[in-house]
Structures are given as structure tokens and as C-alpha cells.
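Structure first, commentary second.
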Amino acid sequence: MPRYAVISDIHSNRHALEAVLARIEDFGVDQVICLGDIVGYGPDPEVCVELVSRNCSVVIQGNHDLAVMDPRYTAQFNATARKTLDWTRNVLETVHLDALCRIRSLEYLGDLVTCVHDNPMPGPMTYVYDQQVASNAFRAVDTPICLVGHTHIPMVFTTRVSLVEDDMDVRKVTAYLPRDGVDIQLDAASRSICNPGSVGQPRDGDPRASFAVLDLDRWTFTVHRERYDVVGAQLALNRRGLPDVLAERLAIGA
Ligand code: ZN
């Protein structure tokens with residue numbers, strides 16, 4: 001069975017992405033899966049689109065990727081995000097925009113894994129951030145594993161298949177906060193929603209880049225944290241005239 005590296009929410013942070021891709025090489029996985037938000041917030045959208053196109057076999061569209069291509073979606077973002085989205089749209093060349101256009105919002109890896117950016121529930125983008133939301137989201141998952149990003153916080157939610165029904169509630173869902181390098185055991189008789197955290201803008205108080213390895217031989221999901229050149233990313237933000245707050249949050253993982 002395949003082993004996948006799972007990356008998400010890169011947000012134009014090439015320093016973090018390069019560090020994560022180098023570390024992923026050590027794992028010798030079969031494929032790298034990207035759950036979206038390649039661009040937005042960060043200073044190097046062109047390189048990040050190119051690196052993802054070259055290294056990832058499956059790429060999902062995030063809300064920032066969508067808003068870069070279609071300005072009608074920009075209104076729902078805060079002022080800082082809007083500013084970088086408008087800037088990103090201007091610096092990307094046709095070849096990058098074409099690559100973003102080709103990606104889809106939902107993909108399956110065989111019969112076992114669903115890939116989305118935010119939430120398997122159809123409709124507007126929402127965050128799967130707690131057991132309450134996850135209990136609802138499970139009703140839209142029909143594979144043992146669903147990979148999501150969007151929250152920028154690594155998390156795993158599980159429930160038994162036999163419990164997934166209309167009156168699904170929070171007590172039937174177990175939540176895990178993955179620790180660096182520690183396996184979380186999944187199994188085929190459960191449903192699991194797994195979030196690898198964010199490569200380029202972690203928000204769980206740990207500034208290290210976050211990604212995961214999903215091993216379908218051992219049925220494990222393992223989050224890994226990787227140090228990268230945060231100062232280099234901050235200087236790049238500065239050079240490209242993007243808001244200071246974006247550089248400040250990289251240092252504290254918020
Ligand atoms: Zn994001």
C-alpha cells in the first residue's frame with residue numbers, strides 16, 4: 001500500500017516549502033499530496049506554484065488559490081489577506097495562473113482517501129477545528145480517511161463507521177493533537193479526518209513548518225515539524241513590500 005507525504009497551506013513561503021520537500025525526500029514516499037493554499041500571505045508565489053507542480057501528484061484548490069484567479073472571491077478576506085491576494089495576482093505569470101486553474105477542489109486516492117482543502121461538506125468554505133464541526137463533517141465522508149487543511153493546525157478526528165449517522169454528535173468523535181514524529185493509529189473500520197497543519201504559516205504556536213506522512217501499510221498518520229529559515233522568509237516579505245504583520249506571525253507560529 002502507498003505512503004503519502006501530505007502538505008497544505010504553503011502560502012507562498014518558499015523557505016518553508018523547500019525545507020519540507022527536502023525532509024520529505026528522506027521518507028522515500030510514493031507520492032506528495034498538496035491540500036491547497038499554495039499562494040496568499042507570502043512573498044514567493046511563483047516559486048511555490050512551480051515547486052508544487054513539479055513535486056505533487058495531487059493538488060487541491062484552496063480558497064486563496066481560488067481568489068487569486070477570480071477577484072470576486074477576494075471580498076470575504078480580511079484587509080491583509082486581500083492586499084497580498086491582489087499583489088499575488090499581479091506578480092504571477094500566465095503559466096502560474098494556468099497551473100492554479102487546473103487544480104480541483106476534490107480528489108480521491110483510490111478507494112481509501114478523500115482530499116479536500118477545508119471540509120468534506122459541500123457548500124461554503126468552513127474550518128474543521130473541533131469535535132462539533134467534525135461530527136457534522138463525518139456525514140460527508142465516504143472513505144476511511146479524509147485529508148483536510150485550511151485551519152493551519154495539525155489535528156486528527158476519528159469515529160467508528162457504525163456511529164456515523166444522522167444524529168451524529170460530538171461525544172462520538174475523538175480528537176488528537178499530533179506531536180512531532182508520533183504516529184496516530186488509524187484503521188479501516190473507522191472514519192478519520194486528518195489535517196497535516198501548515199507548511200508556510202503554522203498557527204499552533206510552533207513556528208516550525210508542519211506536514212504529515214500517511215502510511216497505508218501501517219495505517220498511521222504522522223505529523224512532522226521542520227525548522228526552516230524564518231528570517232529569510234521575513235526578509236523576503238519585507239523586500240516585496242508586504243505587510244509587517246505577516247513577517248511577525250511567522251516568528252511565533254500564530
Ligand atoms: Zn491557508
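Ligands are numbered from 1 in the order shown, chains are lettered A, B, ... in the order of the C-alpha cells, and residues start at 1 in each chain.
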
Write as a ChimeraX atom specification the residues around ligand 1, taking 12 Å as the cut-off and counting only C-alpha atoms and all ligand atoms.
/A:7-13,34-42,60-67,77,81,117-118,125-127,148-153,195-203

Based on the backbone DSSP call, show me all residues of region 2-222 of chain A assigned helix (DSSP H, G or I), as an MDAnalysis selection string.
chainID A and resid 14:27 45:55 63:69 71:76 79:91 94:102 131:140 161:163 170:172

Applying 10 Å and only C-alpha atoms, which residues near Leu112 (chain A) remain after dropping the ones on its own chain fewer than 3 positions away? List them as a PDB file with N, CA, C and O atoms, in the first residue's frame.
```pdb
ATOM      1  N   TYR A 108      -9.786  11.921  -5.059  1.00  0.00           N
ATOM      2  CA  TYR A 108      -9.703  10.684  -4.279  1.00  0.00           C
ATOM      3  C   TYR A 108      -8.371   9.996  -4.558  1.00  0.00           C
ATOM      4  O   TYR A 108      -7.880  10.042  -5.680  1.00  0.00           O
ATOM      5  N   LEU A 109      -7.793   9.364  -3.521  1.00  0.00           N
ATOM      6  CA  LEU A 109      -6.640   8.483  -3.708  1.00  0.00           C
ATOM      7  C   LEU A 109      -7.180   7.064  -3.598  1.00  0.00           C
ATOM      8  O   LEU A 109      -7.417   6.569  -2.489  1.00  0.00           O
ATOM      9  N   ASP A 142     -17.091   9.400   2.786  1.00  0.00           N
ATOM     10  CA  ASP A 142     -17.433   8.004   2.487  1.00  0.00           C
ATOM     11  C   ASP A 142     -16.198   7.151   2.197  1.00  0.00           C
ATOM     12  O   ASP A 142     -16.287   6.096   1.591  1.00  0.00           O
ATOM     13  N   THR A 143     -15.041   7.623   2.626  1.00  0.00           N
ATOM     14  CA  THR A 143     -13.823   6.801   2.586  1.00  0.00           C
ATOM     15  C   THR A 143     -13.287   6.726   4.019  1.00  0.00           C
ATOM     16  O   THR A 143     -13.611   7.588   4.844  1.00  0.00           O
ATOM     17  N   PRO A 144     -12.453   5.736   4.345  1.00  0.00           N
ATOM     18  CA  PRO A 144     -11.941   5.653   5.720  1.00  0.00           C
ATOM     19  C   PRO A 144     -11.191   6.906   6.156  1.00  0.00           C
ATOM     20  O   PRO A 144     -11.202   7.266   7.335  1.00  0.00           O
ATOM     21  N   ILE A 145     -10.519   7.565   5.205  1.00  0.00           N
ATOM     22  CA  ILE A 145      -9.691   8.723   5.567  1.00  0.00           C
ATOM     23  C   ILE A 145     -10.084   9.925   4.717  1.00  0.00           C
ATOM     24  O   ILE A 145     -10.311   9.797   3.511  1.00  0.00           O
ATOM     25  N   CYS A 146     -10.186  11.085   5.356  1.00  0.00           N
ATOM     26  CA  CYS A 146     -10.377  12.342   4.631  1.00  0.00           C
ATOM     27  C   CYS A 146      -9.259  13.294   5.050  1.00  0.00           C
ATOM     28  O   CYS A 146      -9.073  13.554   6.238  1.00  0.00           O
ATOM     29  N   ALA A 188      -9.176   0.767   9.267  1.00  0.00           N
ATOM     30  CA  ALA A 188     -10.132   0.724   8.160  1.00  0.00           C
ATOM     31  C   ALA A 188     -11.575   0.691   8.646  1.00  0.00           C
ATOM     32  O   ALA A 188     -12.491   0.987   7.877  1.00  0.00           O
ATOM     33  N   LEU A 216      -0.334   3.841   4.424  1.00  0.00           N
ATOM     34  CA  LEU A 216      -1.492   2.945   4.330  1.00  0.00           C
ATOM     35  C   LEU A 216      -1.116   1.477   4.498  1.00  0.00           C
ATOM     36  O   LEU A 216      -1.986   0.617   4.476  1.00  0.00           O
TER      37      LEU A 216
END
```

Pick out the residues sitting within 12 Å of Val231 (chain A), and hand them over as JSON, numbers by chain; count only C-alpha atoms, and ignore anything fewer than 6 positions along from it in its own chain.
{"A": [13, 15, 16, 207, 237, 238, 247, 248, 249, 250, 251, 252]}

CA of Leu100 (chain A) to CA of Val49 (chain A): how many Å, to one decimal?
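So the answer is 7.7 Å.
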
Would you please extract all strand (DSSP E or B) residues from region 7-246 of chain A, as assigned by DSSP on the backbone, and give them as a compact mmCIF listing (two decimals) with N, CA, C and O atoms, in the first residue's frame?
```
# COMPACT_ATOMS: atom_id res chain seq x y z
N ILE A 7 1.06 17.77 2.36
CA ILE A 7 1.41 19.15 2.69
C ILE A 7 0.19 20.04 2.42
O ILE A 7 -0.68 19.68 1.63
N GLN A 31 4.12 9.28 -3.10
CA GLN A 31 3.56 10.49 -3.72
C GLN A 31 3.51 11.60 -2.68
O GLN A 31 3.41 11.33 -1.48
N VAL A 32 3.52 12.85 -3.17
CA VAL A 32 3.30 14.00 -2.31
C VAL A 32 1.96 14.61 -2.70
O VAL A 32 1.70 14.87 -3.88
N ILE A 33 1.10 14.83 -1.70
CA ILE A 33 -0.24 15.36 -1.92
C ILE A 33 -0.28 16.78 -1.34
O ILE A 33 0.14 17.00 -0.20
N CYS A 34 -0.81 17.73 -2.10
CA CYS A 34 -0.92 19.11 -1.61
C CYS A 34 -2.39 19.47 -1.48
O CYS A 34 -3.15 19.37 -2.44
N VAL A 58 -0.97 15.05 -6.64
CA VAL A 58 -2.35 15.51 -6.48
C VAL A 58 -2.31 16.87 -5.81
O VAL A 58 -1.60 17.06 -4.81
N VAL A 59 -3.04 17.84 -6.37
CA VAL A 59 -3.08 19.18 -5.80
C VAL A 59 -4.54 19.63 -5.71
O VAL A 59 -5.30 19.50 -6.67
N ILE A 60 -4.92 20.13 -4.54
CA ILE A 60 -6.29 20.58 -4.29
C ILE A 60 -6.30 22.11 -4.27
O ILE A 60 -5.34 22.74 -3.84
N ARG A 104 -8.30 21.00 -8.79
CA ARG A 104 -9.71 20.80 -8.46
C ARG A 104 -9.93 20.84 -6.95
O ARG A 104 -8.98 20.76 -6.17
N GLU A 107 -10.40 15.46 -4.69
CA GLU A 107 -9.74 14.33 -5.39
C GLU A 107 -9.80 13.12 -4.46
O GLU A 107 -9.82 13.26 -3.23
N TYR A 108 -9.79 11.92 -5.06
CA TYR A 108 -9.70 10.68 -4.28
C TYR A 108 -8.37 10.00 -4.56
O TYR A 108 -7.88 10.04 -5.68
N LEU A 109 -7.79 9.36 -3.52
CA LEU A 109 -6.64 8.48 -3.71
C LEU A 109 -7.18 7.06 -3.60
O LEU A 109 -7.42 6.57 -2.49
N VAL A 113 -9.03 7.24 0.41
CA VAL A 113 -8.71 8.59 0.89
C VAL A 113 -9.42 9.65 0.05
O VAL A 113 -9.37 9.61 -1.18
N THR A 114 -10.09 10.59 0.73
CA THR A 114 -10.68 11.77 0.10
C THR A 114 -9.78 12.96 0.42
O THR A 114 -9.33 13.10 1.56
N CYS A 115 -9.54 13.82 -0.57
CA CYS A 115 -8.72 15.03 -0.34
C CYS A 115 -9.56 16.27 -0.64
O CYS A 115 -10.09 16.41 -1.74
N ILE A 145 -10.52 7.57 5.20
CA ILE A 145 -9.69 8.72 5.57
C ILE A 145 -10.08 9.92 4.72
O ILE A 145 -10.31 9.80 3.51
N CYS A 146 -10.19 11.09 5.36
CA CYS A 146 -10.38 12.34 4.63
C CYS A 146 -9.26 13.29 5.05
O CYS A 146 -9.07 13.55 6.24
N LEU A 147 -8.50 13.78 4.08
CA LEU A 147 -7.43 14.74 4.36
C LEU A 147 -7.95 16.15 4.17
O LEU A 147 -8.56 16.45 3.14
N MET A 155 -4.32 18.32 13.24
CA MET A 155 -5.32 17.67 14.11
C MET A 155 -5.81 16.40 13.43
O MET A 155 -5.80 16.30 12.21
N VAL A 156 -6.28 15.47 14.24
CA VAL A 156 -6.92 14.26 13.71
C VAL A 156 -8.20 14.04 14.49
O VAL A 156 -8.23 14.17 15.72
N PHE A 157 -9.28 13.74 13.78
CA PHE A 157 -10.56 13.38 14.39
C PHE A 157 -10.91 11.98 13.91
O PHE A 157 -10.77 11.69 12.72
N THR A 158 -11.37 11.13 14.82
CA THR A 158 -11.79 9.79 14.39
C THR A 158 -13.15 9.44 14.99
O THR A 158 -13.54 9.96 16.03
N THR A 159 -13.85 8.54 14.29
CA THR A 159 -15.09 7.99 14.83
C THR A 159 -15.26 6.60 14.23
O THR A 159 -14.70 6.30 13.17
N ARG A 160 -16.03 5.72 14.88
CA ARG A 160 -16.29 4.40 14.30
C ARG A 160 -17.30 4.55 13.17
O ARG A 160 -18.24 5.33 13.27
N THR A 174 -13.44 11.37 18.56
CA THR A 174 -12.21 11.53 19.35
C THR A 174 -11.29 12.50 18.60
O THR A 174 -11.14 12.39 17.38
N ALA A 175 -10.71 13.44 19.33
CA ALA A 175 -9.79 14.41 18.71
C ALA A 175 -8.37 14.16 19.22
O ALA A 175 -8.18 13.85 20.40
N TYR A 176 -7.40 14.29 18.34
CA TYR A 176 -5.99 14.16 18.70
C TYR A 176 -5.24 15.40 18.25
O TYR A 176 -5.49 15.90 17.16
N ASP A 183 3.31 8.63 15.80
CA ASP A 183 2.26 8.04 14.96
C ASP A 183 0.89 8.14 15.61
O ASP A 183 0.76 7.89 16.82
N ILE A 184 -0.12 8.45 14.80
CA ILE A 184 -1.50 8.29 15.24
C ILE A 184 -2.06 7.10 14.48
O ILE A 184 -1.96 7.03 13.25
N GLN A 185 -2.58 6.12 15.23
CA GLN A 185 -3.04 4.88 14.59
C GLN A 185 -4.46 5.06 14.06
O GLN A 185 -5.37 5.42 14.78
N SER A 190 -12.75 2.61 10.92
CA SER A 190 -13.09 3.94 11.43
C SER A 190 -13.13 4.93 10.29
O SER A 190 -12.67 4.65 9.19
N ARG A 191 -13.68 6.10 10.58
CA ARG A 191 -13.52 7.24 9.69
C ARG A 191 -12.55 8.20 10.40
O ARG A 191 -12.67 8.43 11.61
N SER A 192 -11.63 8.76 9.61
CA SER A 192 -10.67 9.71 10.20
C SER A 192 -10.58 10.95 9.33
O SER A 192 -10.51 10.85 8.10
N ILE A 193 -10.58 12.11 9.96
CA ILE A 193 -10.31 13.38 9.27
C ILE A 193 -8.94 13.85 9.77
O ILE A 193 -8.75 14.04 10.97
N CYS A 194 -8.00 13.96 8.84
CA CYS A 194 -6.60 14.21 9.22
C CYS A 194 -6.10 15.50 8.59
O CYS A 194 -6.20 15.68 7.38
N ASN A 195 -5.53 16.37 9.42
CA ASN A 195 -5.03 17.67 8.97
C ASN A 195 -3.52 17.73 9.25
O ASN A 195 -3.10 17.58 10.40
N ALA A 209 7.65 24.55 10.27
CA ALA A 209 6.76 24.08 9.21
C ALA A 209 6.17 22.73 9.60
O ALA A 209 6.83 21.92 10.27
N SER A 210 4.93 22.49 9.20
CA SER A 210 4.24 21.26 9.57
C SER A 210 3.82 20.50 8.31
O SER A 210 3.38 21.11 7.32
N PHE A 211 3.97 19.18 8.33
CA PHE A 211 3.46 18.33 7.25
C PHE A 211 3.24 16.94 7.85
O PHE A 211 3.49 16.74 9.04
N ALA A 212 2.75 16.00 7.04
CA ALA A 212 2.46 14.67 7.60
C ALA A 212 2.82 13.58 6.61
O ALA A 212 2.95 13.82 5.41
N VAL A 213 2.99 12.38 7.14
CA VAL A 213 3.14 11.18 6.31
C VAL A 213 1.96 10.25 6.64
O VAL A 213 1.71 9.94 7.81
N LEU A 214 1.23 9.86 5.60
CA LEU A 214 0.13 8.91 5.73
C LEU A 214 0.62 7.58 5.16
O LEU A 214 0.93 7.49 3.97
N ASP A 215 0.69 6.57 6.02
CA ASP A 215 1.23 5.27 5.63
C ASP A 215 0.07 4.26 5.61
O ASP A 215 -0.43 3.88 6.67
N THR A 220 -1.04 4.57 9.61
CA THR A 220 -0.64 5.62 10.54
C THR A 220 -0.63 6.97 9.84
O THR A 220 -0.38 7.07 8.64
N PHE A 221 -0.91 8.01 10.63
CA PHE A 221 -0.79 9.40 10.18
C PHE A 221 0.16 10.07 11.16
O PHE A 221 -0.08 10.09 12.37
N THR A 222 1.28 10.58 10.63
CA THR A 222 2.33 11.09 11.50
C THR A 222 2.68 12.52 11.08
O THR A 222 3.10 12.74 9.94
N VAL A 223 2.49 13.45 11.99
CA VAL A 223 2.84 14.84 11.71
C VAL A 223 4.31 15.06 12.03
O VAL A 223 4.83 14.54 13.03
N HIS A 224 4.99 15.78 11.17
CA HIS A 224 6.40 16.12 11.38
C HIS A 224 6.56 17.64 11.34
O HIS A 224 5.87 18.31 10.56
N ARG A 225 7.46 18.14 12.19
CA ARG A 225 7.75 19.58 12.19
C ARG A 225 9.18 19.78 11.71
O ARG A 225 10.08 19.03 12.07
N GLU A 226 9.37 20.84 10.93
CA GLU A 226 10.67 21.07 10.32
C GLU A 226 11.07 22.53 10.50
O GLU A 226 10.32 23.45 10.12
```

Distance criterion (only C-alpha atoms): nearest to Cys56 (chain A) out of A:Val20, A:Ala5, A:Arg240, A:Thr84
A:Ala5

Å distance separating CA of Ala75 (chain A) from CA of Trp87 (chain A), one decimal place:
14.7 Å

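Going from CA of Met69 (chain A) to CA of Cys48 (chain A) covers 15.6 Å.
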
Go through A:Asn78, A:Pro2, A:His96, A:Gly28 and flag the residue nearest Leu51 (chain A), using only C-alpha atoms for the distances.
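Of all the options, A:His96 lies closest to Leu51 (chain A).
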
I'd like to know which of A:Arg239, A:Arg179, A:Arg171, A:Arg14 is closest to Pro45 (chain A), using only C-alpha atoms.
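For Pro45 (chain A), the nearest of the candidates is A:Arg14.
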